[in-house]
Structure formats: C-alpha cells, structure tokens
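**Student:** My structure is below; once you've seen it, I'll send some questions.
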Amino acid sequence: MRHVIALDVGGTGMKAALVGADGTLLYEARRATGRERGPDAVVESILGFAAELRAYGEEHFGERAVAAGVAVPGIVDAEHGIAVYAANLGWRDVALRALLSRRLDGVPVALGHDVRTGGLAEGRVGAGRGADRFLFVPLGTGIAGAIGIAGRIEAGAHGYAGEIGHVVVRPGGPLCGCGQRGCLETLASASAVTRAWAAASGDPHADAADCAKAVESGDGRAVQVWREAVDALADGLVTAITLLDPDTLIIGGGLAEAGETLFAPLRAAVEERVTFQKLPMIVPAALGDNAGCLGAGLLAWDLLLTEATEVTA
C-alpha cells in the first residue's frame with residue numbers, strides 16, 4: 001500500500017504517522033525529542049524515528065514510504081529545506097530535508113512550519129474544509145496563524161506570514177519575547193491566561209483550564225481575567241479580518257478546549273468590533289493534535305504530485 005511518512009516535531013515530543021494516499025492514518029507513534037541531550041541529539045532522534053517508520057511500513061504494508069513530510073517549530077525555510085531556528089529545540093540552520101532524505105535512501109522530503117502545516121490539514125480535511133480563504137489560529141504557549149488560500153498556506157515573502165501573535169493590541173503592554181510590548185500572545189494565549197489567573201487567584205499552580213472552569217462557576221475574578229483575554233483576542237482577530245477577509249476563522253490550541261466558554265463571548269466580541277468587514281464563521285479546530293501529522297502527510301503527497309507534474313511538463 002502506497003504511503004508517506006509524516007512527522008510533527010514539538011518542543012518535548014514527536015508525533016508521527018504513516019499516511020495513505022486518501023489521508024488515512026495507517027499507523028501512529030510517538031517519541032520524546034530528547035532535547036535535554038542537545039540539538040544534535042534532537043536531529044538524530046528525528047532521523048532515527050523516520051527510519052523506524054520506514055521499516056514498519058515496509059514490514060506491514062509491503063513497500064517503503066514514497067516520500068516524507070516533517071513539521072517543525074520556529075523559523076523554517078521550507079523552500080530550501082532548512083530548519084533555521086527553534087529556541088525550544090536549540091538548533092540553528094539544520095539542513096533537515098537533506099538529512100532526512102539521506103537517511104531514507106533518497107526519498108523526497110517536504111519540510112514545513114508546524115502551525116502552517118497544521119493549518120493546511122485543518123483547511124483541507126478539518127474545520128476549514130470547503131473554505132476558499134481561512135485563518136487558523138492556535139492559542140497555546142504563544143499565538144501563531146496560518147493563512148489558507150485556495151487549499152494552500154501562504155508563507156509570505158520571507159516565511160513569516162500569519163504571525164498574528166505579534167500584532168500589538170495593547171501599546172505599552174506586557175513585554176513580549178519578540179521585543180515589542182502589548183503583543184496579542186502576551187495577553188490572549190493559554191500561557192497569558194495561566195499567568196493572569198495564577199496571579200488573580202493567588203494559586204501559583206492554577207492554569208488556563210482552571211480559569212475556564214472558574215468562569216463557568218461564576219467566579220468574578222476569573223470572569224475578569226477571561227474577559228480581558230477575549231477582548232484582546234477579538235481586537236487581534238478583527239485586524240486579521242480587515243487585512244485578509246477570510247471565510248472562516250479556525251481557533252485551536254489549548255485555550256479552545258474551553259469550548260463555548262471561549263467561543264460564545266469571542267464571537268460576540270468580534271461581531272461588536274466589525275463595521276464594514278464581512279463577519280467570518282468562527283469555529284473550533286477539528287483535528288486536535290493530529291493536525292500536524294496529517295499536514296505533514298499532505299506536504300509529502302503534494303511534493304510527489306509536484307514532482308510528477310514537473311516530470312511530465
């Protein structure tokens with residue numbers, strides 16, 4: 001059975017799958033990245049994991065994978081196959097595409113940014129299916145974005161498109177890791193809500209999920225923390241709506257797990273802010289933590305299609 005290898009590399013763990021031509025996950029596995037052993041060990045973990053997946057496919061499906069796709073965090077030069085920088089993995093300028101292809105005996109390899117890769121999957125087979133223009137925004141440790149246009153993800157001229165988390169929504173606000181103050185992700189990410197609720201509740205171990213539960217129970221302190229985060233998020237999303245005019249806004253990540261506790265006030269806050277803009281549908285992501293793997297598989301299949309087209313052209 002024809003299949004590709006899909007790898008989704010995170011800060012602490014890797015999710016992987018063998019993906020059939022119809023998008024079916026034929027086999028799934030997970031491994032630790034081993035980042036505590038340094039960036040070289042992380043790269044070797046990725047290469048070794050890919051080789052294991054290739055061997056599994058050959059044994060169980062009668063043939064080796066025909067391509068591989070890998071999604072990684074940080075700054076990615078997808079065109080040249082370079083993992084440029086990832087603070088949480090400690091690497092710089094890793095020629096990951098070439099290294100993987102060599103380990104896999106020359107099969108073609110596609111490299112992508114983790115959020116844009118997850119957005120690709122959400123757009124094609126998840127919550128954005130059928131939407132010609134969408135914006136995928138995962139609310140996790142930070143906030144990023146993936147701009148979907150006609151079934152593909154727009155990376156921008158330099159690979160930085162979609163970084164909505166660094167839109168300044170509160171000038172002079174909290175200092176962001178990027179060097180600016182008042183960035184969206186300092187106010188509306190799951191990490192930001194965790195920090196705000198830990199301070200407001202006096203419980204240093206409280207997190208964003210605890211805040212959502214407290215909101216549901218009517219805790220006034222939690223309601224205030226939540227409202228401030230939702231207002232900031234709505235301001236950022238309206239900026240994106242004004243610039244991009246999407247059909248659909250897909251909200252994912254840990255904060256979206258709060259369900260309607262997030263989506264009901266968020267939809268209302270966005271609607272209050274739009275004037276001439278067309279209000280998009282605002283929906284939860286559908287694929288959960290499978291999005292990265294599915295997206296990496298789609299990248300691999302797309303690469304094969306592109307190569308086949310170039311050969312016949």
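Identifiers for the structure tokens are assigned positionally: chains receive A, B, ... in sequence, residues are indexed from 1 per chain, and ligands are indexed from 1 in the order shown.
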Which of region 86-188 of chain A end up as strand (DSSP E or B) when DSSP is run on this backbone - answer as a list in words?

**Tutor:** Ala86, Trp91, Arg92, Asp93, Val94, Val109, Ala110, Leu111, Gly112, His113, Arg133, Phe134, Leu135, Phe136, Val137, Pro138, Leu139, Ile143, Ala146, Ile147, Gly148, Ile149, Arg152, Ile153, Glu154, Val168, Leu175, Arg181 and Cys183 of chain A

**Student:** Kindly assemble as JSON lines a list of the region 236-269 of chain A residues that lie within 8 Å of region 280-290 of chain A, each paired with its nearest atom pair and their distance in Å to one decimal, using only C-alpha atoms, sorted first by chain and then by ascending residue number.

**Tutor:**
{"residue": "A:Ile241", "atom": "CA", "partner": "A:Pro280", "partner_atom": "CA", "distance": 7.9}
{"residue": "A:Asp245", "atom": "CA", "partner": "A:Pro280", "partner_atom": "CA", "distance": 7.9}
{"residue": "A:Pro246", "atom": "CA", "partner": "A:Pro280", "partner_atom": "CA", "distance": 6.3}
{"residue": "A:Asp247", "atom": "CA", "partner": "A:Pro280", "partner_atom": "CA", "distance": 5.0}
{"residue": "A:Thr248", "atom": "CA", "partner": "A:Met281", "partner_atom": "CA", "distance": 4.7}
{"residue": "A:Leu249", "atom": "CA", "partner": "A:Ile282", "partner_atom": "CA", "distance": 4.7}
{"residue": "A:Ile250", "atom": "CA", "partner": "A:Val283", "partner_atom": "CA", "distance": 5.1}
{"residue": "A:Ile251", "atom": "CA", "partner": "A:Pro284", "partner_atom": "CA", "distance": 4.9}
{"residue": "A:Gly252", "atom": "CA", "partner": "A:Ala285", "partner_atom": "CA", "distance": 4.8}
{"residue": "A:Gly253", "atom": "CA", "partner": "A:Gly288", "partner_atom": "CA", "distance": 7.8}
{"residue": "A:Ala256", "atom": "CA", "partner": "A:Pro284", "partner_atom": "CA", "distance": 6.6}
{"residue": "A:Gly259", "atom": "CA", "partner": "A:Pro284", "partner_atom": "CA", "distance": 7.7}
{"residue": "A:Phe263", "atom": "CA", "partner": "A:Ile282", "partner_atom": "CA", "distance": 7.7}
{"residue": "A:Arg267", "atom": "CA", "partner": "A:Ile282", "partner_atom": "CA", "distance": 6.7}

**Student:** Store the residues picked out above in a file with C-alpha atoms, as a PDB file, in the first residue's frame.

**Tutor:**
ATOM      1  CA  ILE A 241     -10.249  40.048   9.285  1.00  0.00           C
ATOM      2  CA  ASP A 245     -11.145  38.909   4.631  1.00  0.00           C
ATOM      3  CA  PRO A 246     -11.347  35.161   5.431  1.00  0.00           C
ATOM      4  CA  ASP A 247     -14.436  32.976   5.056  1.00  0.00           C
ATOM      5  CA  THR A 248     -13.616  31.144   8.273  1.00  0.00           C
ATOM      6  CA  LEU A 249     -11.592  31.712  11.438  1.00  0.00           C
ATOM      7  CA  ILE A 250     -10.450  28.387  12.924  1.00  0.00           C
ATOM      8  CA  ILE A 251      -9.422  28.631  16.561  1.00  0.00           C
ATOM      9  CA  GLY A 252      -7.378  25.790  18.033  1.00  0.00           C
ATOM     10  CA  GLY A 253      -4.827  25.098  20.734  1.00  0.00           C
ATOM     11  CA  ALA A 256     -10.003  26.408  22.503  1.00  0.00           C
ATOM     12  CA  GLY A 259     -15.465  25.253  24.077  1.00  0.00           C
ATOM     13  CA  PHE A 263     -16.366  30.804  21.580  1.00  0.00           C
ATOM     14  CA  ARG A 267     -17.960  35.596  18.584  1.00  0.00           C
TER      15      ARG A 267
END

**Student:** Pick the closest to Gly151 (chain A) from A:Ala127, A:Ala121, A:Val72, A:Leu175: which is it, counting only C-alpha atoms?

**Tutor:**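 Ranked by minimum distance to Gly151 (chain A), first place goes to A:Ala121.
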
**Student:** Just want the 8 Å neighbourhood of region 37-40 of chain A, counted on only C-alpha atoms, with same-chain residues fewer than 6 positions away dropped. Output as a VMD selection string.

**Tutor:** chain A and resid 89 to 91

**Student:** Near Cys176 (chain A), within 8 Å and counting only C-alpha atoms, which residues show up once chain neighbours fewer than 4 positions away are dropped, as a PyMOL selection string?

**Tutor:** chain A and resi 180-183+185-186
